[in-house]
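S.K.: Take a look at the following structure, please.
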Amino acid sequence: EPVDNIRSKRDSSIWISTKLVKDGQADAIVSAGSTGAQMAAATLLLGRIKGIARPAIAGIVPSPQGEKLFLDMGANILCTPEMLYQFAQMGSVYAQELLGIANPRVALLSNGSEAHKGTELIQAAHILLTQSKLNFIGNREGRDITVGNYDVLVCDGFSGNIALKTLEGTAMTIFGLLKEELQASFLRKLGAALIMPGLRNIKKRLDPNEQGGAPLLGVQGISIICHGSSKAKAITNALETAATCVQRDFVGKIAAAVQPEEKEN
């Protein structure tokens, strides 16, 4: 259904759960329902943090250098340079509070590392980030997403969603082909038994269920978006993420980060 129908579905679980957060009867919402409906309900009921034009979906990407933050993963197809700058601000706070990184390195997703590369949107955002107080380290290419030579990677929701689904599909394909090859003969099955613990560890690190859900950054409340195919482990981990965000006053810290001048006066 069109996302706008959420206004007339006030008996839906997403609407009721979000209203409980708005009314102070709950601290957070975790849902594996419609992403668009959850974002619409959060925006309409909870409202945006002052200074934030549009909320963004933030997700964790595994890399050899540890967990990295990637946003926006699909909430905003069309963005402005100012929106990408705000995503970077919110992502920096997330990396500090939930990933424990003191001075997160912020980068822009582009088609080249040079400052002049990218669309007009990326080039304009590059200027804003260069002039900001964030620890901006420039552009990163698609191949850098899993390399991890950054802490926060920012892009528009269209690019982010395609990149995310590409990574998920690639991981599934690689493990499928690997399983097929390792079961091709008796000797390979024997060899697979020896390396199975290592393969399980790799699969666990790449498993989206280990992260659980992605916070919707920029709204006046904690709203965690889960994949529609989430397993029990994913929901459990999403609940833990939600609890951590509440305990650390994540919304308040984002509000302070995007309006430092106003907070100081």
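Identifiers in this document derive from the order of the structure tokens: chains are assigned A, B, ..., residues are numbered from 1 separately in each chain, and ligands are numbered from 1 in order of occurrence.
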Write out as a ChimeraX atom specification which residues come within 6 Å of Ser223 in chain A when counting only C-alpha atoms, dropping same-chain ones fewer than 5 positions away.

M.R.: /A:28-29,215-216

S.K.: Those same residues, written as a CSV table (one decimal), in the first residue's frame with all heavy atoms?

M.R.:
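Below you can see again.csv, which holds the result:
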chain,number,residue,atom,x,y,z
A,28,ALA,N,11.0,2.9,23.2
A,28,ALA,CA,11.5,2.7,21.9
A,28,ALA,C,10.5,1.8,21.1
A,28,ALA,O,9.7,1.1,21.7
A,28,ALA,CB,12.9,2.1,21.9
A,29,ILE,N,10.6,1.8,19.8
A,29,ILE,CA,9.9,0.9,18.9
A,29,ILE,C,10.9,0.1,18.1
A,29,ILE,O,11.8,0.6,17.6
A,29,ILE,CB,8.9,1.6,18.0
A,29,ILE,CG1,8.3,0.6,17.0
A,29,ILE,CG2,9.5,2.8,17.3
A,29,ILE,CD1,7.3,1.2,16.1
A,215,PRO,N,18.9,1.9,13.3
A,215,PRO,CA,18.2,3.0,13.9
A,215,PRO,C,17.8,4.0,12.9
A,215,PRO,O,18.5,4.3,11.9
A,215,PRO,CB,19.2,3.6,14.9
A,215,PRO,CG,20.3,2.5,15.1
A,215,PRO,CD,20.3,1.7,13.8
A,216,LEU,N,16.6,4.6,13.1
A,216,LEU,CA,16.2,5.7,12.2
A,216,LEU,C,16.7,7.0,12.9
A,216,LEU,O,16.1,7.4,14.0
A,216,LEU,CB,14.7,5.7,12.1
A,216,LEU,CG,14.1,6.8,11.2
A,216,LEU,CD1,14.6,6.7,9.8
A,216,LEU,CD2,12.5,6.7,11.2

S.K.: From range 221-253 of chain A, collect each residue whose DSSP state is strand (DSSP E) and return the set as a ChimeraX atom specification.

M.R.: /A:222-226

S.K.: Write the selection just made, keeping all heavy atoms, as an mmCIF file, in the first residue's frame?

M.R.:
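Generated file (result_37.cif):
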data_model
loop_
_atom_site.group_PDB
_atom_site.id
_atom_site.type_symbol
_atom_site.label_atom_id
_atom_site.label_comp_id
_atom_site.auth_asym_id
_atom_site.auth_seq_id
_atom_site.Cartn_x
_atom_site.Cartn_y
_atom_site.Cartn_z
ATOM 1 N N ILE A 222 13.384 6.779 19.775
ATOM 2 C CA ILE A 222 14.155 5.647 19.278
ATOM 3 C C ILE A 222 13.257 4.733 18.458
ATOM 4 O O ILE A 222 12.286 4.184 18.952
ATOM 5 C CB ILE A 222 14.784 4.848 20.439
ATOM 6 C CG1 ILE A 222 15.630 5.768 21.318
ATOM 7 C CG2 ILE A 222 15.606 3.696 19.899
ATOM 8 C CD1 ILE A 222 16.748 6.474 20.584
ATOM 9 N N SER A 223 13.589 4.590 17.172
ATOM 10 C CA SER A 223 12.837 3.734 16.254
ATOM 11 C C SER A 223 13.832 2.859 15.506
ATOM 12 O O SER A 223 14.649 3.356 14.733
ATOM 13 C CB SER A 223 12.023 4.598 15.276
ATOM 14 O OG SER A 223 11.231 3.801 14.427
ATOM 15 N N ILE A 224 13.776 1.560 15.749
ATOM 16 C CA ILE A 224 14.715 0.611 15.155
ATOM 17 C C ILE A 224 14.018 -0.180 14.045
ATOM 18 O O ILE A 224 12.989 -0.816 14.271
ATOM 19 C CB ILE A 224 15.272 -0.374 16.205
ATOM 20 C CG1 ILE A 224 15.819 0.377 17.422
ATOM 21 C CG2 ILE A 224 16.349 -1.246 15.577
ATOM 22 C CD1 ILE A 224 17.010 1.266 17.135
ATOM 23 N N ILE A 225 14.582 -0.105 12.846
ATOM 24 C CA ILE A 225 13.998 -0.767 11.676
ATOM 25 C C ILE A 225 14.693 -2.097 11.419
ATOM 26 O O ILE A 225 15.916 -2.154 11.256
ATOM 27 C CB ILE A 225 14.130 0.141 10.440
ATOM 28 C CG1 ILE A 225 13.330 1.433 10.656
ATOM 29 C CG2 ILE A 225 13.662 -0.580 9.182
ATOM 30 C CD1 ILE A 225 13.516 2.451 9.549
ATOM 31 N N CYS A 226 13.906 -3.166 11.382
ATOM 32 C CA CYS A 226 14.444 -4.503 11.126
ATOM 33 C C CYS A 226 14.017 -4.992 9.750
ATOM 34 O O CYS A 226 13.000 -4.569 9.214
ATOM 35 C CB CYS A 226 13.947 -5.495 12.179
ATOM 36 S SG CYS A 226 14.417 -5.079 13.867
#

S.K.: Would you list the contacts of Gln38 in chain A as a list in words, taking every protein, DNA or RNA residue within 10 Å and counting only C-alpha atoms, but skipping same-chain residues closer than 2 positions in sequence?

M.R.: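 Surrounding residues, per the criterion: Val3, Ile6, Ser13, Ile14, Trp15, Ser17, Thr18, Ile29, Val30, Ser31, Ala32, Gly33, Ser34, Thr35, Gly36, Ala40, Ala41, Ala42, Thr43, Leu44, Leu216, Ser223, Ile224 and Ile225 of chain A.
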
S.K.: Would you export the selected residues with N, CA and C atoms as a CSV table (one decimal), in the first residue's frame, please?

M.R.:
chain,number,residue,atom,x,y,z
A,3,VAL,N,2.6,4.5,1.3
A,3,VAL,CA,3.0,4.8,2.7
A,3,VAL,C,2.0,5.8,3.3
A,6,ILE,N,-0.7,5.2,6.1
A,6,ILE,CA,-0.5,5.0,7.5
A,6,ILE,C,-1.3,5.9,8.4
A,13,SER,N,-0.1,-1.9,14.1
A,13,SER,CA,0.9,-2.0,15.2
A,13,SER,C,2.0,-1.0,15.2
A,14,ILE,N,2.4,-0.6,14.0
A,14,ILE,CA,3.4,0.4,13.8
A,14,ILE,C,3.0,1.8,14.4
A,15,TRP,N,1.7,2.2,14.0
A,15,TRP,CA,1.2,3.4,14.5
A,15,TRP,C,1.0,3.4,16.0
A,17,SER,N,2.5,1.5,18.3
A,17,SER,CA,3.7,1.4,19.0
A,17,SER,C,4.5,2.7,19.0
A,18,THR,N,4.4,3.4,17.9
A,18,THR,CA,5.1,4.7,17.8
A,18,THR,C,4.4,5.7,18.7
A,29,ILE,N,10.6,1.8,19.8
A,29,ILE,CA,9.9,0.9,18.9
A,29,ILE,C,10.9,0.1,18.1
A,30,VAL,N,10.6,-1.2,18.0
A,30,VAL,CA,11.4,-2.1,17.2
A,30,VAL,C,10.4,-2.8,16.3
A,31,SER,N,10.6,-2.7,14.9
A,31,SER,CA,9.6,-3.3,14.0
A,31,SER,C,10.3,-3.9,12.8
A,32,ALA,N,9.7,-5.0,12.3
A,32,ALA,CA,10.2,-5.7,11.1
A,32,ALA,C,9.1,-5.5,10.0
A,33,GLY,N,8.3,-4.5,10.2
A,33,GLY,CA,7.2,-4.3,9.2
A,33,GLY,C,7.7,-3.4,8.1
A,34,SER,N,6.7,-2.6,7.5
A,34,SER,CA,7.1,-1.8,6.4
A,34,SER,C,8.0,-0.7,6.8
A,35,THR,N,9.2,-0.6,6.2
A,35,THR,CA,10.1,0.5,6.5
A,35,THR,C,9.5,1.9,6.2
A,36,GLY,N,8.9,2.0,5.1
A,36,GLY,CA,8.2,3.3,4.8
A,36,GLY,C,7.2,3.7,5.8
A,40,ALA,N,7.3,6.9,8.2
A,40,ALA,CA,6.3,7.9,8.2
A,40,ALA,C,5.7,8.1,9.6
A,41,ALA,N,5.4,7.0,10.3
A,41,ALA,CA,4.8,7.1,11.6
A,41,ALA,C,5.8,7.8,12.6
A,42,ALA,N,7.0,7.5,12.5
A,42,ALA,CA,8.0,8.2,13.4
A,42,ALA,C,8.1,9.7,13.1
A,43,THR,N,8.1,10.0,11.8
A,43,THR,CA,8.1,11.4,11.4
A,43,THR,C,6.9,12.2,11.8
A,44,LEU,N,5.7,11.6,11.6
A,44,LEU,CA,4.4,12.2,11.9
A,44,LEU,C,4.2,12.3,13.4
A,216,LEU,N,16.6,4.6,13.1
A,216,LEU,CA,16.2,5.7,12.2
A,216,LEU,C,16.7,7.0,12.9
A,223,SER,N,13.6,4.6,17.2
A,223,SER,CA,12.8,3.7,16.3
A,223,SER,C,13.8,2.9,15.5
A,224,ILE,N,13.8,1.6,15.7
A,224,ILE,CA,14.7,0.6,15.2
A,224,ILE,C,14.0,-0.2,14.0
A,225,ILE,N,14.6,-0.1,12.8
A,225,ILE,CA,14.0,-0.8,11.7
A,225,ILE,C,14.7,-2.1,11.4

S.K.: Name the residues in contact with Gly51 in chain A at a cut-off of 12 Å, using only C-alpha atoms, excluding same-chain residues fewer than 4 positions from it; report them as a list of chain:residue names.

M.R.: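 Here the answer would be A:Gly47, A:Pro55, A:Glu82, A:Met83, A:Tyr85, A:Gln86, A:Phe87, A:Gln89, A:Met90, A:Gly218, A:Val219, A:Gln220, A:Ile254, A:Ala255, A:Ala256, A:Ala257, A:Val258, A:Gln259, A:Pro260, A:Glu261, A:Glu262.
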
S.K.: Point out the residue among A:Asp27, A:Asp151, A:Glu181, A:Asp156 with the least atom-to-atom distance to Ser92 in chain A, counting only C-alpha atoms.

M.R.: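 For Ser92 in chain A, the nearest of the candidates is A:Asp151.
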
S.K.: Could you list, as a tab-separated table (two decimals) with N, CA, C and O atoms, in the first residue's frame, every residue within 9 Å of range 135-138 of chain A, counting only C-alpha atoms and ignoring same-chain residues fewer than 4 positions away?

M.R.:
chain	number	residue	atom	x	y	z
A	88	ALA	N	26.04	12.97	8.25
A	88	ALA	CA	27.40	12.83	8.78
A	88	ALA	C	27.45	13.21	10.25
A	88	ALA	O	28.13	12.54	11.06
A	92	SER	N	28.26	10.46	13.11
A	92	SER	CA	29.42	10.67	13.98
A	92	SER	C	29.05	10.44	15.44
A	92	SER	O	29.80	9.81	16.20
A	103	ASN	N	36.89	9.77	17.89
A	103	ASN	CA	36.87	10.81	16.85
A	103	ASN	C	36.62	10.16	15.50
A	103	ASN	O	37.55	9.97	14.71
A	104	PRO	N	35.37	9.81	15.20
A	104	PRO	CA	35.06	9.02	14.00
A	104	PRO	C	35.51	9.69	12.71
A	104	PRO	O	35.32	10.89	12.51
A	105	ARG	N	36.09	8.88	11.82
A	105	ARG	CA	36.48	9.35	10.50
A	105	ARG	C	35.27	9.28	9.57
A	105	ARG	O	34.72	8.21	9.35
A	106	VAL	N	34.87	10.43	9.04
A	106	VAL	CA	33.69	10.51	8.19
A	106	VAL	C	34.10	10.61	6.73
A	106	VAL	O	35.01	11.37	6.38
A	107	ALA	N	33.45	9.84	5.86
A	107	ALA	CA	33.77	9.84	4.43
A	107	ALA	C	32.49	9.89	3.61
A	107	ALA	O	31.41	9.56	4.09
A	108	LEU	N	32.62	10.31	2.35
A	108	LEU	CA	31.51	10.34	1.40
A	108	LEU	C	31.68	9.21	0.39
A	108	LEU	O	32.79	8.97	-0.09
A	109	LEU	N	30.59	8.53	0.06
A	109	LEU	CA	30.63	7.50	-0.97
A	109	LEU	C	30.58	8.18	-2.34
A	109	LEU	O	29.67	8.95	-2.63
A	113	SER	N	38.17	8.87	-5.28
A	113	SER	CA	38.62	9.47	-4.03
A	113	SER	C	38.94	10.95	-4.13
A	113	SER	O	38.98	11.65	-3.12
A	114	GLU	N	39.12	11.44	-5.35
A	114	GLU	CA	39.47	12.86	-5.54
A	114	GLU	C	38.28	13.76	-5.19
A	114	GLU	O	37.12	13.39	-5.38
A	115	ALA	N	38.57	14.96	-4.72
A	115	ALA	CA	37.54	15.90	-4.28
A	115	ALA	C	36.62	16.32	-5.40
A	115	ALA	O	35.45	16.64	-5.17
A	126	HIS	N	30.82	17.57	-0.24
A	126	HIS	CA	32.25	17.51	0.07
A	126	HIS	C	32.73	18.86	0.61
A	126	HIS	O	33.50	18.91	1.59
A	129	LEU	N	31.36	19.38	4.22
A	129	LEU	CA	32.04	18.54	5.20
A	129	LEU	C	33.48	18.99	5.43
A	129	LEU	O	34.00	18.90	6.55
A	130	THR	N	34.12	19.47	4.37
A	130	THR	CA	35.49	19.97	4.51
A	130	THR	C	35.53	21.18	5.43
A	130	THR	O	36.48	21.37	6.20
A	150	TYR	N	37.48	3.85	7.02
A	150	TYR	CA	36.66	4.97	7.47
A	150	TYR	C	35.91	4.48	8.70
A	150	TYR	O	36.00	3.31	9.09

S.K.: Can you list, as a count of residues only, every residue of range 73-190 of chain A that DSSP puts in helix (DSSP H, G or I)?

M.R.: 64

S.K.: Go through A:Asp72, A:Glu120, A:Glu67, A:Glu168 one by one, measure the shortest atom-to-atom distance of each to Val154 in chain A using only C-alpha atoms, and give the residue with the smallest value.

M.R.: A:Asp72

S.K.: Between A:Leu199, A:Leu178, A:Leu99, A:Leu78, which one has atoms that come closest to Ile60 in chain A, using only C-alpha atoms?

M.R.: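 Ranking A:Leu199, A:Leu178, A:Leu99, A:Leu78 by distance to Ile60 in chain A, first place goes to A:Leu99.
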
S.K.: Using only C-alpha atoms, which residue out of A:Leu69, A:Ala163, A:Val61, A:Ile77 lies closest to Ser110 in chain A?

M.R.: A:Ala163

S.K.: Just give me the gap between CA of Val147 in chain A and CA of Ser132 in chain A in Å, one decimal is fine.

M.R.: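 Interatomic distance here is 25.1 Å.
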
S.K.: Write out as a VMD selection string which residues come within 9 Å of Leu121 in chain A when counting only C-alpha atoms, dropping same-chain ones fewer than 2 positions away.

M.R.: chain A and resid 79 to 81 84 118 to 119 123 to 126

S.K.: Those selected residues, please, written with C-alpha atoms and delivered as a compact mmCIF listing (two decimals), in the first residue's frame.

M.R.:
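What ended up in out_25.txt:
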# COMPACT_ATOMS: atom_id res chain seq x y z
CA CYS A 79 18.99 14.33 -0.97
CA THR A 80 20.52 17.79 -0.70
CA PRO A 81 24.11 18.56 0.31
CA LEU A 84 24.27 14.56 3.66
CA GLY A 118 31.07 12.53 -7.92
CA THR A 119 27.77 14.14 -8.80
CA GLN A 123 30.80 17.68 -4.70
CA ALA A 124 28.67 20.22 -2.82
CA ALA A 125 28.48 17.95 0.24
CA HIS A 126 32.25 17.51 0.07

S.K.: What is the CA of Ala243 in chain A to CA of Tyr94 in chain A distance in Å?

M.R.: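 It comes out at 13.9 Å.
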
S.K.: What does the distance between CA of Ala58 in chain A and CA of Ile162 in chain A come to in Å, to one decimal place?

M.R.: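 Separation of CA of Ala58 in chain A and CA of Ile162 in chain A: 14.2 Å.
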